[in-house]
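Here is run.txt, consisting of compact mmCIF, C-alpha atoms and all ligand atoms:
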# COMPACT_ATOMS: atom_id res chain seq x y z
CA MET A 1360 0.00 0.00 0.00
CA SER A 1361 1.45 3.31 -1.02
CA SER A 1362 0.21 6.79 -0.45
CA PRO A 1363 -0.04 9.25 -3.31
CA TRP A 1364 3.24 10.91 -4.00
CA ILE A 1365 3.20 14.57 -3.17
CA ALA A 1366 5.72 17.07 -4.42
CA GLY A 1367 7.81 18.48 -1.63
CA VAL A 1368 9.52 16.90 1.30
CA GLN A 1369 8.47 13.81 3.14
CA VAL A 1370 10.17 12.39 6.18
CA ARG A 1371 9.59 8.92 7.51
CA ASN A 1372 10.86 6.92 10.43
CA LEU A 1373 11.96 10.05 12.20
CA ASP A 1374 11.23 8.42 15.53
CA ARG A 1375 12.75 5.13 14.57
CA GLY A 1376 16.18 3.83 13.84
CA THR A 1377 16.89 5.23 10.43
CA PRO A 1378 15.04 8.31 9.26
CA VAL A 1379 14.42 8.66 5.55
CA ALA A 1380 13.74 11.95 3.82
CA ASP A 1381 12.50 12.26 0.28
CA PHE A 1382 12.33 15.35 -1.84
CA LEU A 1383 10.36 15.55 -5.04
CA CYS A 1384 10.20 18.61 -7.23
CA GLY A 1385 6.80 18.97 -8.78
CA ALA A 1386 8.19 21.00 -11.68
CA CYS A 1387 11.05 18.83 -12.96
CA LEU A 1388 10.32 15.65 -11.00
CA THR A 1389 13.78 15.55 -9.52
CA HIS A 1390 13.83 13.04 -6.72
CA LYS A 1391 16.36 13.00 -3.94
CA ARG A 1392 16.50 10.69 -0.96
CA VAL A 1393 18.69 10.76 2.06
CA THR A 1394 18.83 8.26 4.87
CA GLY A 1395 20.33 8.45 8.30
CA ARG A 1396 19.63 10.85 11.12
CA GLY A 1397 22.57 13.16 10.44
CA LYS A 1398 21.91 13.41 6.74
CA VAL A 1399 18.19 13.88 7.19
CA THR A 1400 18.76 16.63 9.75
CA ALA A 1401 21.15 18.47 7.44
CA PHE A 1402 18.86 17.87 4.50
CA LEU A 1403 15.92 19.49 6.25
CA ARG A 1404 18.01 22.31 7.67
CA ASP A 1405 19.12 23.26 4.19
CA ASN A 1406 15.52 23.19 3.00
CA PRO A 1407 15.72 21.06 -0.13
CA VAL A 1408 12.93 23.01 -1.78
CA THR A 1409 14.86 26.25 -1.58
CA ALA A 1410 18.19 24.60 -2.31
CA HIS A 1411 16.81 22.97 -5.42
CA GLY A 1412 15.33 26.14 -6.88
CA PRO A 1413 18.37 27.42 -8.79
CA HIS A 1414 18.98 23.94 -10.16
CA CYS A 1415 15.43 23.30 -11.22
CA ARG A 1416 15.09 22.62 -14.89
CA PRO A 1417 11.51 21.73 -15.67
CA ALA A 1418 11.22 19.28 -18.49
CA ALA A 1419 10.69 21.38 -21.56
CA LYS A 1420 9.85 20.31 -25.01
CA THR A 1421 12.82 21.04 -27.21
CA THR A 1422 11.05 20.58 -30.47
ZN ZN B 1 12.86 21.06 -10.02
Translate this file's structure into structure tokens.
Amino acid sequence: MSSPWIAGVQVRNLDRGTPVADFLCGACLTHKRVTGRGKVTAFLRDNPVTAHGPHCRPAAKTT
């Protein structure tokens, strides 16, 4: 069973052994995942949505 994927940041298992954070950009569908408490903490602190902005290249038709 899987929940609908929502653009933005999702964090799971934060209160368990190994947190997992996912980031999905709704514009270009870039997906990034980090695992581990330290990485997840840094990931969220940097705000992946903001950090991704300058690198966002929405899929554009080149024809
Ligand atoms: Zn993007």
TODO: Name all residues at most 7 Å from A:Val1379 (count all atoms listed in the file; drop same-chain ones fewer than 4 positions away) and give them as a list of chain:residue names.
DONE: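 Close residues of A:Val1379: A:Val1370, A:Arg1371, A:Asn1372, A:Val1393, A:Thr1394, A:Gly1395, A:Val1399.
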Export of the given selection (C-alpha atoms) as a CSV table (one decimal), in the frame of the given file:
chain,number,residue,atom,x,y,z
A,1370,VAL,CA,10.2,12.4,6.2
A,1371,ARG,CA,9.6,8.9,7.5
A,1372,ASN,CA,10.9,6.9,10.4
A,1393,VAL,CA,18.7,10.8,2.1
A,1394,THR,CA,18.8,8.3,4.9
A,1395,GLY,CA,20.3,8.4,8.3
A,1399,VAL,CA,18.2,13.9,7.2
Would you name the residues within 7 Å of ligand ZN 1 (chain B), counting only C-alpha atoms and all ligand atoms, and put them as a short mmCIF file (atom, residue, chain, number, x, y, z; two decimals) with C-alpha atoms, in the frame of the given file?
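Contents of pocket_11.cif, as written:
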data_model
loop_
_atom_site.label_atom_id
_atom_site.label_comp_id
_atom_site.auth_asym_id
_atom_site.auth_seq_id
_atom_site.Cartn_x
_atom_site.Cartn_y
_atom_site.Cartn_z
CA CYS A 1384 10.20 18.61 -7.23
CA GLY A 1385 6.80 18.97 -8.78
CA ALA A 1386 8.19 21.00 -11.68
CA CYS A 1387 11.05 18.83 -12.96
CA LEU A 1388 10.32 15.65 -11.00
CA THR A 1389 13.78 15.55 -9.52
CA HIS A 1411 16.81 22.97 -5.42
CA GLY A 1412 15.33 26.14 -6.88
CA HIS A 1414 18.98 23.94 -10.16
CA CYS A 1415 15.43 23.30 -11.22
CA ARG A 1416 15.09 22.62 -14.89
CA PRO A 1417 11.51 21.73 -15.67
#
Open item on the list: With only C-alpha atoms as the counted atoms, please give the residues lying no more than 10 Å from A:Lys1398, apart from itself and same-chain residues fewer than 5 positions off, as an MDAnalysis selection string.
Closed with: chainID A and resid 1378:1380 1392:1393 1403:1404
Task: For atom CA of A:Ala1410 and atom CA of A:Gly1367, the interatomic separation in Å (one decimal) - done: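 Here the two named atoms are 12.1 Å from each other.
Counting from atom CA of A:Asp1374, the distance to atom CA of A:Gly1397 is 13.3 Å.
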TODO: Please measure the separation of atom CA of A:Asn1406 and atom CA of A:Leu1383, giving the value in Å to one decimal.
DONE: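 Straight-line distance from atom CA of A:Asn1406 to atom CA of A:Leu1383 works out to 12.2 Å.
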Task: Nearest candidate to A:Thr1409 (options A:Gly1376, A:Val1368, A:Asp1381, A:Arg1396; using all atoms listed in the file) - done: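 Between A:Gly1376, A:Val1368, A:Asp1381, A:Arg1396, the residue approaching A:Thr1409 most closely is A:Val1368.
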